[in-house]
>>> print(open('input_2.txt').read())   # compact mmCIF, C-alpha atoms (C1' of nucleotides)
# COMPACT_ATOMS: atom_id res chain seq x y z
CA MET W 1 105.48 107.74 122.78
CA VAL W 2 103.42 110.24 120.90
CA GLU W 3 100.22 108.53 119.92
CA TYR W 4 99.02 111.07 117.38
CA LEU W 5 101.49 113.05 115.40
CA PRO W 6 99.92 115.78 113.29
CA PRO W 7 98.33 114.23 110.22
CA ALA W 8 100.26 115.77 107.36
CA LEU W 9 98.43 117.90 104.85
CA ASP W 10 99.60 115.53 102.17
CA THR W 11 97.66 112.71 103.75
CA VAL W 12 94.56 114.80 104.32
CA PHE W 13 94.32 116.17 100.80
CA GLN W 14 95.12 112.76 99.42
CA ALA W 15 92.25 111.28 101.39
CA LEU W 16 89.95 113.92 99.94
CA THR W 17 90.84 113.25 96.32
CA ASP W 18 88.55 110.27 96.12
CA ALA W 19 84.85 110.96 95.63
CA THR W 20 83.91 107.79 97.46
CA ARG W 21 85.80 108.90 100.53
CA ARG W 22 84.33 112.39 100.35
CA ALA W 23 80.88 110.84 100.23
CA MET W 24 81.75 108.70 103.22
CA LEU W 25 82.67 111.82 105.15
CA ARG W 26 79.38 113.39 104.18
CA SER W 27 77.62 110.35 105.52
CA LEU W 28 79.61 110.45 108.71
CA ALA W 29 78.64 114.08 109.15
CA GLU W 30 75.12 112.84 109.77
CA GLY W 31 76.14 110.33 112.39
CA ASP W 32 78.29 107.38 113.24
CA ARG W 33 78.43 104.58 110.71
CA ASN W 34 79.88 101.11 110.68
CA ILE W 35 81.84 99.81 107.74
CA GLY W 36 78.91 98.07 106.12
CA GLU W 37 76.79 101.21 106.28
CA LEU W 38 79.60 103.26 104.79
CA ALA W 39 80.07 100.74 102.02
CA ALA W 40 76.36 100.32 101.21
CA PRO W 41 75.89 103.24 98.78
CA PHE W 42 78.75 102.13 96.58
CA ALA W 43 79.10 99.34 94.07
CA MET W 44 82.25 97.89 95.54
CA SER W 45 83.34 95.08 97.78
CA LEU W 46 83.44 95.46 101.52
CA ALA W 47 87.19 95.00 101.39
CA ALA W 48 87.49 98.01 99.11
CA ALA W 49 85.37 100.12 101.44
CA SER W 50 87.46 98.92 104.34
CA LYS W 51 90.53 100.23 102.58
CA HIS W 52 88.89 103.60 102.03
CA VAL W 53 88.07 103.86 105.70
CA LYS W 54 91.64 103.02 106.51
CA VAL W 55 92.79 105.89 104.32
CA LEU W 56 90.44 108.25 106.12
CA GLU W 57 91.71 106.95 109.42
CA ARG W 58 95.33 107.43 108.43
CA ALA W 59 94.49 111.02 107.56
CA GLY W 60 92.99 111.45 111.01
CA LEU W 61 89.57 112.15 109.52
CA VAL W 62 87.89 109.18 111.09
CA ARG W 63 88.12 107.49 114.45
CA ARG W 64 87.16 103.86 114.74
CA LEU W 65 85.49 102.41 117.82
CA VAL W 66 85.42 98.64 117.73
CA LYS W 67 82.15 97.59 119.28
CA GLY W 68 81.66 93.87 119.26
CA ARG W 69 81.99 92.65 115.74
CA THR W 70 81.14 95.99 114.20
CA HIS W 71 83.52 98.88 113.75
CA VAL W 72 81.71 102.13 114.25
CA CYS W 73 83.33 105.10 112.59
CA ARG W 74 83.12 108.66 113.74
CA LEU W 75 83.99 111.86 111.91
CA GLU W 76 87.07 113.61 113.22
CA PRO W 77 86.96 117.11 111.75
CA ALA W 78 90.25 118.54 112.98
CA PRO W 79 92.28 117.71 109.86
CA LEU W 80 89.59 119.31 107.74
CA ALA W 81 90.11 122.48 109.74
CA ALA W 82 93.83 122.24 109.01
CA ALA W 83 93.18 121.84 105.30
CA ASP W 84 90.79 124.75 105.40
CA GLU W 85 93.36 126.86 107.12
CA TRP W 86 95.82 126.12 104.37
CA LEU W 87 93.27 127.08 101.75
CA ARG W 88 92.21 130.29 103.42
CA PHE W 89 95.66 131.66 102.88
CA TYR W 90 94.34 132.26 99.36
CA GLU W 91 90.99 133.61 100.43
CA HIS W 92 91.78 137.27 99.85
CA PHE W 93 93.07 136.12 96.51
CA TRP W 94 89.92 134.58 95.18
CA ASN W 95 87.88 137.45 96.55
CA ARG W 96 90.05 140.10 95.00
CA LYS W 97 90.19 138.17 91.78
CA LEU W 98 86.51 138.16 91.09
CA ASP W 99 86.70 141.35 89.10
CA ALA W 100 90.45 141.66 88.66
CA LEU W 101 90.17 138.57 86.50
CA ASP W 102 88.69 140.51 83.63
CA ALA W 103 91.46 143.06 83.79
CA LEU W 104 94.06 140.32 83.79
CA LEU W 105 92.56 138.58 80.81
CA LYS W 106 92.43 141.80 78.83
CA ALA W 107 95.81 143.22 79.74
CA ASP W 108 98.09 140.27 80.39
CA ASP W 109 100.99 142.39 81.59
CA GLY W 110 101.41 144.98 84.31
CA ALA W 111 98.16 143.90 85.95
CA PRO W 112 96.59 146.81 87.81
CA THR W 113 95.34 145.29 91.03
CA GLU W 114 92.79 147.95 91.86
CA GLY W 115 89.19 147.13 91.27
CA LYS W 116 85.70 147.86 92.35
CA PRO W 117 84.16 146.06 95.28
CA ARG W 118 82.05 143.17 94.20
CA MET H 1 80.14 130.02 75.36
CA VAL H 2 81.42 127.60 77.86
CA GLU H 3 84.68 129.07 78.99
CA TYR H 4 85.69 126.39 81.49
CA LEU H 5 83.87 123.33 82.58
CA PRO H 6 84.15 122.98 86.34
CA PRO H 7 87.49 121.50 87.32
CA ALA H 8 86.38 118.50 89.33
CA LEU H 9 87.03 118.50 93.03
CA ASP H 10 88.91 115.26 92.56
CA THR H 11 91.44 116.99 90.36
CA VAL H 12 91.82 119.96 92.67
CA PHE H 13 92.41 117.96 95.83
CA GLN H 14 94.69 115.64 93.95
CA ALA H 15 96.77 118.59 92.81
CA LEU H 16 97.02 119.75 96.41
CA THR H 17 98.27 116.43 97.79
CA ASP H 18 101.82 117.08 96.69
CA ALA H 19 103.90 119.37 98.87
CA THR H 20 105.94 120.50 95.89
CA ARG H 21 102.82 121.69 94.12
CA ARG H 22 101.50 123.40 97.23
CA ALA H 23 104.81 125.23 97.52
CA MET H 24 104.55 126.25 93.89
CA LEU H 25 101.15 127.75 94.56
CA ARG H 26 102.59 129.66 97.50
CA SER H 27 105.26 131.02 95.22
CA LEU H 28 102.68 131.97 92.62
CA ALA H 29 100.72 133.81 95.27
CA GLU H 30 103.59 136.29 95.37
CA GLY H 31 103.62 136.85 91.66
CA ASP H 32 103.90 135.31 88.25
CA ARG H 33 106.63 132.74 87.73
CA ASN H 34 107.99 130.90 84.77
CA ILE H 35 108.72 127.20 84.88
CA GLY H 36 112.37 127.60 85.75
CA GLU H 37 111.57 129.88 88.65
CA LEU H 38 108.98 127.47 89.93
CA ALA H 39 111.41 124.59 89.66
CA ALA H 40 114.36 126.39 91.25
CA PRO H 41 113.64 125.70 94.95
CA PHE H 42 113.37 121.96 94.41
CA ALA H 43 115.94 119.28 93.83
CA MET H 44 114.35 117.87 90.74
CA SER H 45 114.68 118.03 87.00
CA LEU H 46 112.94 120.66 84.96
CA ALA H 47 110.91 117.94 83.31
CA ALA H 48 109.55 116.91 86.69
CA ALA H 49 108.63 120.47 87.54
CA SER H 50 106.99 120.82 84.16
CA LYS H 51 104.80 117.86 85.00
CA HIS H 52 103.82 119.40 88.31
CA VAL H 53 102.79 122.59 86.61
CA LYS H 54 100.75 120.59 84.17
CA VAL H 55 98.91 118.97 87.06
CA LEU H 56 98.18 122.38 88.53
CA GLU H 57 96.99 123.55 85.16
CA ARG H 58 94.72 120.56 84.72
CA ALA H 59 93.19 121.38 88.10
CA GLY H 60 92.57 124.91 86.88
CA LEU H 61 94.84 126.32 89.56
CA VAL H 62 97.32 127.83 87.16
CA ARG H 63 97.00 129.64 83.90
CA ARG H 64 99.92 129.57 81.50
CA LEU H 65 100.78 132.50 79.25
CA VAL H 66 103.35 131.57 76.69
CA LYS H 67 105.52 134.60 76.23
CA GLY H 68 108.31 134.01 73.82
CA ARG H 69 110.30 131.01 74.92
CA THR H 70 109.25 131.28 78.53
CA HIS H 71 105.98 130.09 79.96
CA VAL H 72 104.79 132.45 82.65
CA CYS H 73 102.39 130.93 85.13
CA ARG H 74 99.73 132.75 87.02
CA LEU H 75 97.72 131.66 90.02
CA GLU H 76 94.08 130.95 89.30
CA PRO H 77 92.39 130.85 92.70
CA ALA H 78 88.85 129.87 91.71
CA PRO H 79 89.27 126.12 92.23
CA LEU H 80 90.73 126.81 95.66
CA ALA H 81 87.53 128.61 96.49
CA ALA H 82 85.58 125.58 95.36
CA ALA H 83 87.67 123.29 97.54
CA ASP H 84 87.22 125.66 100.43
CA GLU H 85 83.51 125.68 99.91
CA TRP H 86 83.46 121.90 100.14
CA LEU H 87 85.46 122.00 103.33
CA ARG H 88 83.36 124.66 104.97
CA PHE H 89 80.45 122.30 104.99
CA TYR H 90 82.24 120.84 108.00
CA GLU H 91 83.10 124.16 109.57
CA HIS H 92 80.39 124.09 112.24
CA PHE H 93 81.60 120.60 112.93
CA TRP H 94 85.16 121.41 113.81
CA ASN H 95 84.05 124.38 115.84
CA ARG H 96 81.55 122.39 117.82
CA LYS H 97 84.05 119.62 118.29
CA LEU H 98 86.66 121.63 120.11
CA ASP H 99 85.58 120.42 123.51
CA ALA H 100 83.68 117.32 122.49
CA LEU H 101 87.05 116.06 121.34
CA ASP H 102 88.15 115.35 124.88
CA ALA H 103 85.12 113.21 125.49
CA LEU H 104 85.84 111.22 122.39
CA LEU H 105 89.45 110.72 123.31
CA LYS H 106 88.49 109.38 126.69
CA ALA H 107 85.87 107.01 125.37
CA ASP H 108 88.38 105.22 123.20
CA ASP H 109 88.13 101.68 121.91
CA GLY H 110 86.90 99.28 124.58
CA ALA H 111 84.91 101.93 126.34
CA PRO H 112 81.14 101.71 126.41
CA THR H 113 79.42 104.44 124.45
CA GLU H 114 76.37 104.34 126.67
CA GLY H 115 77.74 107.07 128.91
CA LYS H 116 76.67 109.86 126.61
CA PRO H 117 73.61 110.63 124.55
CA ARG H 118 73.80 109.65 120.93
C1' DG T 1 123.62 130.49 60.52
C1' DC T 2 124.49 128.76 64.86
C1' DA T 3 124.74 128.12 69.58
C1' DT T 4 122.09 128.74 73.66
C1' DC T 5 118.26 129.20 76.63
C1' DA T 6 113.52 127.60 78.18
C1' DT T 7 110.62 124.09 78.02
C1' DT T 8 108.17 119.86 76.40
C1' DT T 9 108.00 115.15 74.95
C1' DA T 10 108.93 110.25 75.07
C1' DA T 11 110.40 106.22 77.19
C1' DC T 12 111.18 104.14 81.19
C1' DC T 13 111.18 102.92 86.36
C1' DG T 14 109.56 101.69 91.02
C1' DA T 15 106.00 102.75 94.25
C1' DA T 16 101.33 103.78 95.40
C1' DC T 17 96.32 103.55 94.17
C1' DG T 18 91.86 101.43 93.78
C1' DG T 19 89.81 97.54 92.90
C1' DT T 20 89.08 92.32 93.01
C1' DT T 21 88.84 87.51 95.17
C1' DG T 22 89.48 84.15 98.71
C1' DA T 23 90.77 82.80 103.25
C1' DC T 24 90.66 84.00 108.03
C1' DA T 25 89.25 85.86 112.77
C1' DT T 26 85.58 87.29 116.00
C1' DT T 27 81.23 88.00 117.66
C1' DC T 28 76.43 87.05 117.98
C1' DA T 29 72.35 84.18 117.87
C1' DT T 30 70.34 79.79 118.19
C1' DA N 1 78.40 73.61 119.01
C1' DT N 2 77.05 75.47 114.65
C1' DG N 3 76.48 78.95 111.57
C1' DA N 4 75.68 83.47 109.95
C1' DA N 5 77.27 88.31 110.25
C1' DT N 6 80.97 91.82 110.29
C1' DG N 7 85.35 92.97 108.92
C1' DT N 8 90.26 92.33 108.05
C1' DC N 9 94.24 90.50 105.58
C1' DA N 10 96.98 88.80 101.78
C1' DA N 11 97.75 88.24 97.13
C1' DC N 12 97.06 89.83 92.81
C1' DC N 13 96.02 93.15 88.80
C1' DG N 14 95.95 97.19 85.86
C1' DT N 15 96.54 102.27 86.20
C1' DT N 16 98.37 106.41 87.97
C1' DC N 17 102.10 109.00 90.24
C1' DG N 18 106.45 111.17 90.76
C1' DG N 19 110.69 110.93 89.30
C1' DT N 20 114.63 110.11 85.90
C1' DT N 21 117.36 110.63 81.34
C1' DA N 22 117.73 111.70 76.55
C1' DA N 23 116.08 113.75 72.56
C1' DA N 24 113.20 117.32 70.30
C1' DT N 25 111.04 121.95 69.81
C1' DG N 26 111.16 126.91 69.56
C1' DA N 27 112.61 131.59 70.57
C1' DT N 28 116.88 134.64 71.32
C1' DG N 29 121.24 136.65 70.61
C1' DC N 30 125.38 137.16 68.25
>>> encode(input="input_2.txt", output="structure tokens")
Amino acid sequence: MVEYLPPALDTVFQALTDATRRAMLRSLAEGDRNIGELAAPFAMSLAAASKHVKVLERAGLVRRLVKGRTHVCRLEPAPLAAADEWLRFYEHFWNRKLDALDALLKADDGAPTEGKPR
Amino acid sequence: MVEYLPPALDTVFQALTDATRRAMLRSLAEGDRNIGELAAPFAMSLAAASKHVKVLERAGLVRRLVKGRTHVCRLEPAPLAAADEWLRFYEHFWNRKLDALDALLKADDGAPTEGKPR
DNA sequence: GCATCATTTAACCGAACGGTTGACATTCAT
DNA sequence: ATGAATGTCAACCGTTCGGTTAAATGATGC
């Protein structure tokens, strides 16, 4: 059987909606952390933190290595790359828009798309 | 004057979790659309689509220009840039990880982590 | 004026979210 | 063997989510 099917974008973005989970990822970017360490900065029960980690895991953003009685979590950046890829589809858009925005706001129809380089 | 207070990252990612809304953004990338046009590809009521658009609006991803009885929606890419910026913090990570991934996959659960430097 | 088109609003529904508490399983240290 | 440490699981709770239907609003066209 296929162990890892591609973590859907839905799941990844959903995991990123929560500030607590985003902070956990930031922490994991600095090194492996067990559940207690991930939970420490937040005013919430360990059970709640455990759930958050599970969400990150489901999104493929975290891999868990059970080591004795502690579960050490490791950042798994691939799904972030996938999310980024999705976003970059719009990259040329937000670049182009930096000055085109003014034009659009002034003349709401027939938007001329030419503009000066920023 | 404060034109727009920063649309929180929470709100932006949350808006992106839904595939319907992501598809709407893709459609908007090709040009302005009114609500009916945005709703058309999906098997859902207009009221539901209207809610989706409202979510996109709340995230600052869409601007609505009421023109007569139709509401024409326009893509507003700035919050996407913000989300991308957040993600790119991890960019060096997913680049560096391309080959380290194999090592991680091999040293799965029961495996000792002593084999590699940490 | 009147019907129609485009859209929102309100009320409702079941499922998912984010949190809690309390009980349980395992591992580690003594 | 006992007990503390590390986490999970199950049950529960209030809120949000994504959808529905039905009614209301507002602009258009005849």
>>> residues_near_point(input="input_2.txt", point="(93.0, 134.9, 94.3)", cutoff="10 Å", atoms="all atoms listed in the file", output="ChimeraX atom specification")
/W:89-98,100-101 /H:29,61,75-81
>>> residues_around(input="input_2.txt", residues="Ala19 (chain W)", least_positions_apart="5", cutoff="10 Å", atoms="all atoms listed in the file", output="ChimeraX atom specification")
/W:24-25 /H:8-10
>>> closest_atom_pairs(input="input_2.txt", of="chain T", to="chain H", cutoff="10 Å", atoms="only C-alpha atoms (C1' of nucleotides)", output="tab-separated table")
residue	atom	partner	partner_atom	distance
T:DC5	C1'	H:Arg69	CA	8.3
T:DA6	C1'	H:Thr70	CA	5.6
T:DT7	C1'	H:Thr70	CA	7.3
T:DT8	C1'	H:Ala47	CA	7.7
T:DT9	C1'	H:Ala47	CA	9.3
>>> write_last_selection(input="input_2.txt", atoms="C-alpha atoms (C1' of nucleotides)", output="CSV table (one decimal), in the coordinates of the input")
chain,number,residue,atom,x,y,z
T,5,DC,C1',118.3,129.2,76.6
T,6,DA,C1',113.5,127.6,78.2
T,7,DT,C1',110.6,124.1,78.0
T,8,DT,C1',108.2,119.9,76.4
T,9,DT,C1',108.0,115.2,75.0
>>> closest_residue(input="input_2.txt", among="H:Leu16, H:Ala23, H:Ala49, H:Leu38", to="chain N", atoms="all atoms listed in the file")
H:Ala49
>>> closest_atom_pairs(input="input_2.txt", of="chain N", to="chain H", cutoff="9 Å", atoms="only C-alpha atoms (C1' of nucleotides)", output="tab-separated table")
residue	atom	partner	partner_atom	distance
N:DG18	C1'	H:Ala48	CA	7.7
N:DG19	C1'	H:Ala48	CA	6.6
N:DT20	C1'	H:Ser45	CA	8.0
N:DG26	C1'	H:Arg69	CA	6.8
N:DA27	C1'	H:Arg69	CA	5.0
N:DT28	C1'	H:Arg69	CA	8.3
>>> closest_residue(input="input_2.txt", among="W:Thr20, W:Val66, W:Val72, W:Pro41", to="chain H", atoms="only C-alpha atoms")
W:Val66
